[in-house]
$ cat coords-v1.txt   # compact mmCIF, C-alpha atoms
# COMPACT_ATOMS: atom_id res chain seq x y z
CA MET A 224 111.50 257.24 157.26
CA GLY A 225 113.18 253.93 157.43
CA VAL A 226 116.70 253.38 158.74
CA LEU A 227 119.41 252.78 156.16
CA GLY A 228 120.13 249.07 155.95
CA LYS A 229 116.95 248.01 157.74
CA ASP A 230 116.48 245.04 155.39
CA LEU A 231 119.65 243.49 156.79
CA PHE A 232 117.80 242.98 160.06
CA ASP A 233 114.46 241.96 158.49
CA ILE A 234 114.82 238.21 158.99
CA ASP A 235 112.01 238.00 161.56
CA ARG A 236 109.57 240.20 159.64
CA PRO A 237 106.13 238.48 159.45
CA ARG A 238 105.29 237.23 155.98
CA THR A 239 102.01 239.14 156.12
CA HIS A 240 104.03 242.36 156.50
CA VAL A 241 104.60 242.65 152.76
CA LYS A 242 107.38 244.58 151.04
CA VAL A 243 106.47 246.30 147.77
CA GLN A 244 108.90 248.40 145.72
CA PHE A 245 107.22 251.07 143.59
CA GLY A 246 108.90 252.30 140.41
CA GLN A 247 107.83 254.70 137.69
CA ASN A 248 105.25 252.51 135.95
CA THR A 249 105.54 249.13 137.69
CA TYR A 250 106.10 247.64 141.13
CA TRP A 251 107.77 244.55 142.56
CA VAL A 252 106.45 242.40 145.43
CA GLU A 253 108.89 240.90 147.92
CA HIS A 254 111.79 239.18 146.09
CA ASP A 255 109.90 238.28 142.92
CA PRO A 256 111.70 239.91 139.94
CA THR A 257 108.44 240.11 137.93
CA PRO A 258 107.26 243.72 137.41
CA HIS A 259 103.54 244.41 137.77
CA PRO A 260 101.68 247.37 136.22
CA TYR A 261 99.78 249.70 138.53
CA GLY A 262 96.15 248.63 138.89
CA GLU A 263 96.77 244.96 138.12
CA VAL A 264 95.71 243.63 141.54
CA LEU A 265 92.76 246.00 141.92
CA THR A 266 91.45 245.03 138.48
CA GLU A 267 91.66 241.34 139.42
CA LEU A 268 89.88 241.96 142.72
CA LEU A 269 87.06 243.88 141.04
CA ASN A 270 86.40 240.79 138.90
CA TYR A 271 86.99 238.26 141.68
CA ASP A 272 84.18 236.06 143.04
CA VAL A 273 85.09 235.49 146.68
CA ALA A 274 82.42 232.80 147.28
CA SER A 275 84.68 229.79 146.72
CA TYR A 276 87.39 231.10 149.04
CA GLU A 277 84.82 232.05 151.68
CA HIS A 278 83.46 228.49 151.58
CA THR A 279 86.87 227.05 152.51
CA ILE A 280 87.04 229.47 155.46
CA CYS A 281 83.58 228.40 156.63
CA VAL A 282 84.62 224.73 156.51
CA LEU A 283 87.71 225.53 158.61
CA GLU A 284 85.72 227.55 161.14
CA GLN A 285 83.15 224.77 161.48
CA ALA A 286 85.88 222.15 162.04
CA LYS A 287 87.44 224.32 164.74
CA GLU A 288 84.11 225.02 166.40
CA GLU A 289 83.30 221.31 166.51
CA LYS A 290 86.88 220.52 167.60
CA ASP A 291 87.10 217.96 164.83
CA ASP A 292 90.76 216.95 164.97
CA GLN A 293 90.42 214.69 161.94
CA THR A 294 89.12 217.25 159.42
CA ALA A 295 90.63 220.45 160.88
CA PRO A 296 94.22 219.94 159.54
CA GLN A 297 93.01 219.34 155.97
CA ALA A 298 90.52 222.21 156.23
CA PHE A 299 93.34 224.49 157.34
CA MET A 300 95.56 223.45 154.42
CA ASP A 301 92.68 224.02 151.99
CA ALA A 302 92.15 227.49 153.45
CA ILE A 303 95.86 228.28 153.12
CA LYS A 304 95.85 227.15 149.50
CA GLY A 305 92.81 229.34 148.89
CA LEU A 306 94.53 232.33 150.48
CA SER A 307 97.70 231.83 148.45
CA SER A 308 95.66 231.78 145.23
CA LEU A 309 93.97 235.13 145.85
CA PRO A 310 94.98 238.20 143.83
CA TYR A 311 97.90 239.96 145.59
CA PHE A 312 98.56 237.07 148.00
CA ARG A 313 99.72 234.72 145.27
CA LEU A 314 102.49 237.22 144.49
CA PHE A 315 104.28 236.46 147.76
CA LEU A 316 102.57 233.63 149.68
CA SER A 317 103.99 230.71 147.73
CA ASP A 318 105.42 228.80 150.67
CA LEU A 319 102.53 227.33 152.70
CA ARG A 320 104.83 227.01 155.71
CA GLN A 321 104.86 230.80 156.01
CA LEU A 322 101.76 230.58 158.21
CA ASN A 323 101.82 228.46 161.34
CA ASP A 324 100.00 225.27 162.29
CA GLY A 325 96.39 226.40 162.14
CA GLY A 326 96.06 228.72 165.14
CA GLU A 327 93.17 231.08 165.78
CA LYS A 328 95.26 234.04 164.64
CA ASP A 329 95.79 232.56 161.17
CA ALA A 330 92.13 231.61 160.81
CA ALA A 331 91.07 235.13 161.77
CA TYR A 332 93.55 236.60 159.28
CA MET A 333 92.15 234.47 156.46
CA ARG A 334 88.59 235.46 157.39
CA GLU A 335 89.60 239.15 157.33
CA GLN A 336 90.51 238.85 153.66
CA VAL A 337 86.92 237.94 152.75
CA SER A 338 85.70 241.19 154.29
CA ALA A 339 88.56 243.14 152.70
CA ILE A 340 87.83 241.85 149.18
CA CYS A 341 84.08 242.52 149.53
CA PHE A 342 84.81 246.02 150.79
CA ILE A 343 87.23 246.75 147.94
CA ARG A 344 84.83 245.44 145.29
CA GLU A 345 81.96 247.55 146.61
CA ARG A 346 83.76 250.80 147.40
CA TYR A 347 86.33 250.98 144.60
CA SER A 348 83.78 249.94 141.99
CA TRP A 349 81.59 252.81 143.17
CA PHE A 350 84.45 255.31 143.10
CA LEU A 351 85.71 254.36 139.63
CA THR A 352 82.21 254.43 138.18
CA GLU A 353 81.32 257.78 139.70
CA ALA A 354 84.67 259.34 138.87
CA PHE A 355 84.92 258.38 135.23
CA GLN A 356 81.54 257.27 133.84
CA ARG A 357 80.54 260.78 132.74
CA LYS A 358 83.53 261.21 130.44
CA ALA A 359 84.15 258.97 127.43
CA PHE A 360 87.43 257.16 127.95
CA GLU A 361 87.62 256.19 124.29
CA LYS A 362 88.83 259.41 122.72
CA ARG A 363 87.42 260.23 119.31
CA LYS A 364 89.40 261.97 116.59
CA GLY A 365 89.85 265.61 117.50
CA GLN A 366 88.49 265.06 121.02
CA ARG A 367 90.59 266.19 123.97
CA LYS A 368 91.17 263.46 126.52
CA VAL A 369 90.40 264.83 129.98
CA PRO A 370 93.14 263.93 132.55
CA LEU A 371 92.08 261.44 135.22
CA ALA A 372 92.65 263.85 138.10
CA GLN A 373 90.56 266.48 136.33
CA GLN A 374 87.72 263.99 135.90
CA ILE A 375 87.82 263.18 139.63
CA TYR A 376 87.69 266.89 140.46
CA GLU A 377 84.87 267.69 138.01
CA ASN A 378 82.77 264.88 139.49
CA CYS A 379 83.28 266.34 143.00
CA LEU A 380 85.14 263.28 144.27
CA ASP A 381 88.51 264.88 145.04
CA ALA A 382 87.83 264.83 148.79
CA PHE A 383 87.39 261.04 148.70
CA VAL A 384 90.94 260.21 147.57
CA SER A 385 92.56 261.11 150.90
CA GLY A 386 91.64 257.85 152.67
CA VAL A 387 91.91 254.12 152.06
CA SER A 388 88.13 253.66 152.29
CA LEU A 389 87.48 256.47 149.79
CA GLY A 390 85.28 258.24 152.32
CA LYS A 391 83.41 255.15 153.53
CA SER A 392 84.85 254.54 157.00
CA PRO A 393 87.35 256.50 159.11
CA ASP A 394 88.26 253.21 160.83
CA VAL A 395 89.81 252.00 157.56
CA ASP A 396 91.36 255.25 156.41
CA ALA A 397 94.80 255.46 158.00
CA PRO A 398 97.25 253.30 156.00
CA GLN A 399 100.06 251.93 158.14
CA VAL A 400 103.03 252.05 155.81
CA ASN A 401 106.75 252.65 156.23
CA ILE A 402 108.67 254.17 153.34
CA GLN A 403 112.27 253.65 152.34
CA TYR A 404 114.10 254.27 149.07
CA ALA A 405 116.27 251.75 147.26
CA VAL A 406 118.05 251.24 143.96
CA LEU A 407 116.55 248.18 142.30
CA GLU A 408 118.63 246.21 139.80
CA ILE A 409 116.47 245.39 136.77
CA ASP A 410 119.42 243.77 135.01
CA GLU A 411 123.16 244.41 134.81
CA GLU A 412 122.72 247.57 132.75
CA HIS A 413 119.45 248.95 134.11
CA HIS A 414 118.62 250.17 137.61
CA GLU A 415 115.67 252.11 139.01
CA LEU A 416 115.22 254.24 142.11
CA VAL A 417 112.14 252.83 143.87
CA GLU A 418 110.06 253.61 146.93
CA LYS A 419 109.91 250.65 149.27
CA LEU A 420 106.75 250.33 151.36
CA TYR A 421 105.50 247.67 153.77
CA PHE A 422 101.85 246.64 154.00
CA ASP A 423 99.94 244.68 156.63
CA ARG A 424 96.51 245.08 155.04
CA LEU A 425 95.21 244.35 151.56
CA GLU A 426 93.18 247.58 151.68
CA ASP A 427 96.30 249.69 152.21
CA PHE A 428 98.10 248.13 149.27
CA VAL A 429 95.14 248.52 146.89
CA TYR A 430 94.73 252.17 147.88
CA VAL A 431 98.37 253.00 147.15
CA GLU A 432 98.35 250.92 143.96
CA LEU A 433 95.30 252.78 142.62
CA MET A 434 96.49 256.28 143.52
CA ARG A 435 99.97 255.76 142.13
CA GLY A 436 98.39 254.26 139.03
CA LEU A 437 96.12 257.26 138.55
CA GLN A 438 99.17 259.53 138.74
CA GLN A 439 100.72 257.65 135.81
CA GLY A 440 97.54 257.05 133.78
CA PHE A 441 96.68 253.49 134.85
CA VAL A 442 93.02 252.96 135.72
CA PRO A 443 90.64 249.96 135.89
CA LYS A 444 87.66 250.35 133.55
CA ARG A 445 84.44 248.42 133.15
CA CYS A 446 84.01 246.92 129.68
CA ALA A 447 81.01 248.43 127.87
CA ASN A 448 80.22 245.03 126.34
CA CYS A 449 80.71 242.28 128.94
CA GLY A 450 80.79 244.38 132.12
CA ARG A 451 84.08 242.95 133.41
CA TRP A 452 86.87 245.24 134.56
CA PHE A 453 90.07 245.64 132.55
CA LEU A 454 93.18 247.74 133.08
CA GLN A 455 93.61 250.77 130.87
CA THR A 456 97.27 251.71 130.51
CA PRO A 457 98.77 255.17 129.84
CA GLY A 458 98.19 256.36 126.28
CA ALA A 459 95.50 253.74 125.59
CA SER A 460 91.88 254.74 125.07
CA TYR A 461 89.31 251.94 124.95
CA ASN A 462 85.75 251.32 126.10
CA TYR A 463 86.05 247.55 125.62
CA CYS A 464 88.31 244.81 127.01
CA ASP A 465 90.34 242.41 124.87
CA GLN A 466 88.82 239.24 126.37
CA PRO A 467 86.53 236.88 124.38
CA ALA A 468 83.11 238.47 123.96
CA PRO A 469 80.14 236.60 125.48
CA ASN A 470 77.99 234.80 122.91
CA SER A 471 80.33 235.66 120.05
CA GLU A 472 80.02 232.85 117.52
CA GLU A 473 83.05 234.11 115.62
CA GLY A 474 85.30 234.12 118.69
CA LYS A 475 85.76 237.89 118.63
CA THR A 476 86.95 239.92 121.58
CA CYS A 477 84.78 242.58 123.20
CA ARG A 478 87.05 245.21 121.65
CA GLU A 479 86.48 243.80 118.17
CA VAL A 480 82.72 243.61 118.74
CA GLY A 481 82.68 247.12 120.16
CA SER A 482 84.67 248.49 117.25
CA SER A 483 82.14 247.04 114.81
CA LYS A 484 79.25 248.50 116.80
CA SER A 485 80.88 251.93 116.92
CA PHE A 486 81.57 251.90 113.19
CA ARG A 487 78.02 250.84 112.33
CA ALA A 488 76.66 253.55 114.60
CA LYS A 489 78.78 256.18 112.83
CA VAL A 490 77.57 255.06 109.41
CA LEU A 491 73.93 255.01 110.50
CA ASN A 492 73.98 258.34 112.33
CA ASN A 493 76.18 260.51 110.10
CA GLU A 494 75.54 261.24 106.42
CA ILE A 495 79.21 261.93 105.66
CA TRP A 496 80.24 258.52 107.00
CA ALA A 497 77.42 256.86 105.07
CA ILE A 498 78.49 258.47 101.78
CA HIS A 499 82.10 257.44 102.32
CA GLN A 500 81.14 253.86 103.21
CA ARG A 501 78.96 253.43 100.12
CA ALA A 502 81.77 254.70 97.88
CA TYR A 503 84.29 252.46 99.66
CA LYS A 504 82.15 249.37 99.04
CA LYS A 505 81.70 250.29 95.37
CA TYR A 506 85.42 250.67 94.64
CA PHE A 507 86.42 247.70 96.79
CA ALA A 508 84.02 245.56 94.75
CA ARG A 509 85.83 246.68 91.58
CA THR A 510 89.10 245.24 92.92
CA LYS A 511 87.33 241.90 93.45
CA LYS A 512 86.03 241.97 89.86
CA GLY A 513 89.44 242.96 88.47
CA THR A 514 88.24 246.27 87.01
CA MET A 515 90.41 248.29 89.43
CA THR A 516 93.97 247.52 90.48
CA LYS A 517 94.90 247.26 94.13
CA PRO A 518 97.43 250.16 93.95
CA ASP A 519 94.74 252.37 92.40
CA PHE A 520 92.30 251.38 95.12
CA LEU A 521 94.80 252.11 97.90
CA ALA A 522 95.52 255.54 96.39
CA TRP A 523 91.78 256.24 96.18
CA GLU A 524 91.31 255.04 99.77
CA MET A 525 93.91 257.44 101.16
CA GLU A 526 92.46 260.36 99.23
CA SER A 527 88.90 259.41 100.22
CA GLU A 528 89.81 259.44 103.93
CA ARG A 529 91.30 262.90 103.57
CA LEU A 530 88.19 264.18 101.79
CA ARG A 531 85.94 262.50 104.35
CA ASP A 532 87.72 264.05 107.32
CA GLU A 533 87.61 267.51 105.73
CA ALA A 534 83.91 267.10 105.02
CA LEU A 535 83.26 265.91 108.59
CA SER A 536 84.93 269.01 109.98
CA GLU A 537 82.88 271.30 107.73
CA TYR A 538 79.69 269.32 108.35
CA ASN A 539 80.04 269.66 112.12
CA ARG A 540 80.50 273.43 111.81
CA ALA A 541 77.58 273.92 109.40
CA LYS A 542 74.74 275.99 110.87
CA THR A 543 71.90 275.09 108.49
CA GLU A 544 70.57 271.94 106.89
CA ASP A 545 71.16 273.44 103.43
CA GLU A 546 74.85 273.88 104.21
CA LYS A 547 75.08 270.27 105.41
CA ALA A 548 73.32 269.02 102.28
CA ALA A 549 75.73 270.96 100.04
CA ILE A 550 78.78 269.53 101.86
CA ALA A 551 77.40 265.99 101.58
CA GLU A 552 76.64 266.36 97.87
CA ARG A 553 80.10 267.76 97.14
CA LEU A 554 81.73 264.81 98.95
CA ARG A 555 79.55 262.34 97.03
CA GLU A 556 80.74 263.83 93.73
CA GLU A 557 84.41 263.91 94.80
CA LEU A 558 84.40 260.28 95.95
CA ASN A 559 82.72 258.95 92.79
CA ARG A 560 84.72 260.66 90.07
CA GLN A 561 86.63 257.55 88.97
$ encode --input "coords-v1.txt" --output "structure tokens"
Amino acid sequence: MGVLGKDLFDIDRPRTHVKVQFGQNTYWVEHDPTPHPYGEVLTELLNYDVASYEHTICVLEQAKEEKDDQTAPQAFMDAIKGLSSLPYFRLFLSDLRQLNDGGEKDAAYMREQVSAICFIRERYSWFLTEAFQRKAFEKRKGQRKVPLAQQIYENCLDAFVSGVSLGKSPDVDAPQVNIQYAVLEIDEEHHELVEKLYFDRLEDFVYVELMRGLQQGFVPKRCANCGRWFLQTPGASYNYCDQPAPNSEEGKTCREVGSSKSFRAKVLNNEIWAIHQRAYKKYFARTKKGTMTKPDFLAWEMESERLRDEALSEYNRAKTEDEKAAIAERLREELNRQ
């Protein structure tokens, strides 16, 4: 445990020894008052292409190897700018003077982040896919949403959560963190008791961020449409992200495209849904022609959804094709009485 008042004597703490304060659903990095949801940094890293940053490091290393005093200073500044733009680092490394004048130690530290990001992308992508791909995140009506911890256990991955590398390497597994508690002032009327931890490695932070997020229901998910990762928050249940969908001429998001696909699939694969959709189109067309008022249509719509849901429940319990046919015919008659 930390000593009470330690921050008063923290003036000489290295800037790469990063303070993070963890609250109930968000965390704060260093002195930035902006709250961040659990999983935010990991989600960014899973989508991050490290090639551009790695190129700046290679240029710096080449300049140092060739002892090129003319290009080395600019190469170092470019590398620092690249580092400060990375996910996580841009939350606290805003002052470029926080690193020194281009020594070997700084260059090695910046190179380490390339390996760290590649490791996180490979290992955490594997873990999240294996842990959650077998259970549908997007809960259907009447479907019980399986808790995240239960999904990890059922997929036999519970032993992997005890180390930073998720079982990959014992050399990476021991996070070096110091914990203190503090009361954080959100504003004059709101305060939160937070856990204050210090991190020297990106891997350690990402590990704690993910595990604390899983405890609260935050988890990165891969979009079923575009393949990019997005952050699912507690209470939400989606298979698609809310970013612009690739090749969408109408400018729709992946979630909008996915919703349309799911609805079309339901209509095509379920007779009850098909009957309801045909009746819906018929009565909606009457409102366009002026032969049915909008209030009458809205009343019919509410009643039709109730009848549809009742029929779906019966249809799913039916044991024979004759029973299913009778349920479908009864719904068809009920929906088309007007």
$ atom_distance --input "coords-v1.txt" --atom1 "atom CA of A:Glu526" --atom2 "atom CA of A:Glu552"
17.0 Å
$ closest_residue --input "coords-v1.txt" --among "A:Arg346, A:Arg478, A:His414, A:Lys517" --to "A:Gly390" --atoms "all atoms listed in the file"
A:Arg346
$ closest_residue --input "coords-v1.txt" --among "A:Thr266, A:Ser388, A:Ser307, A:Gln500" --to "A:Gln336" --atoms "all atoms listed in the file"
A:Ser307
$ atom_distance --input "coords-v1.txt" --atom1 "atom CA of A:Ile303" --atom2 "atom CA of A:Leu433"
26.7 Å
$ closest_residue --input "coords-v1.txt" --among "A:Tyr421, A:Tyr347, A:Glu335, A:Asp329" --to "A:His240" --atoms "all atoms listed in the file"
A:Tyr421
$ atom_distance --input "coords-v1.txt" --atom1 "atom CA of A:Pro256" --atom2 "atom CA of A:Tyr461"
29.5 Å
$ closest_residue --input "coords-v1.txt" --among "A:Asp465, A:Leu306, A:Cys341, A:Phe315" --to "A:Asp272" --atoms "all atoms listed in the file"
A:Cys341
$ residues_around --input "coords-v1.txt" --residues "A:Tyr271" --least-positions-apart "2" --cutoff "10 Å" --atoms "all atoms listed in the file" --output "list of chain:residue names"
A:Leu265, A:Thr266, A:Glu267, A:Leu268, A:Leu269, A:Val273, A:Ala274, A:Leu309, A:Pro310, A:Ile340, A:Cys341, A:Arg344, A:Arg451, A:Trp452
$ residues_around --input "coords-v1.txt" --residues "A:Phe520" --least-positions-apart "6" --cutoff "10 Å" --atoms "all atoms listed in the file" --output "PyMOL selection string"
chain A and resi 503+506-507+509-510+526
$ residues_around --input "coords-v1.txt" --residues "A:Gln466" --least-positions-apart "4" --cutoff "10 Å" --atoms "only C-alpha atoms" --output "compact mmCIF listing (two decimals) with C-alpha atoms, keeping the file's coordinate frame"
# COMPACT_ATOMS: atom_id res chain seq x y z
CA CYS A 446 84.01 246.92 129.68
CA CYS A 449 80.71 242.28 128.94
CA ARG A 451 84.08 242.95 133.41
CA PHE A 453 90.07 245.64 132.55
CA GLY A 474 85.30 234.12 118.69
CA LYS A 475 85.76 237.89 118.63
CA THR A 476 86.95 239.92 121.58
CA CYS A 477 84.78 242.58 123.20
CA ARG A 478 87.05 245.21 121.65
CA GLU A 479 86.48 243.80 118.17
$ closest_residue --input "coords-v1.txt" --among "A:Phe428, A:Tyr250, A:Trp496, A:Phe245" --to "A:Ile343" --atoms "only C-alpha atoms"
A:Phe428
$ residues_near_point --input "coords-v1.txt" --point "(88.2, 230.1, 158.2)" --cutoff "6 Å" --atoms "all atoms listed in the file" --output "PyMOL selection string"
chain A and resi 280-281+283-284+330+334
$ residues_around --input "coords-v1.txt" --residues "A:Leu554" --least-positions-apart "3" --cutoff "12 Å" --atoms "all atoms listed in the file" --output "ChimeraX atom specification"
/A:494-502,526-535,537-538,547-551,557-560
$ closest_residue --input "coords-v1.txt" --among "A:Thr239, A:Asn470, A:Gln455, A:Asn493" --to "A:Tyr332" --atoms "all atoms listed in the file"
A:Thr239
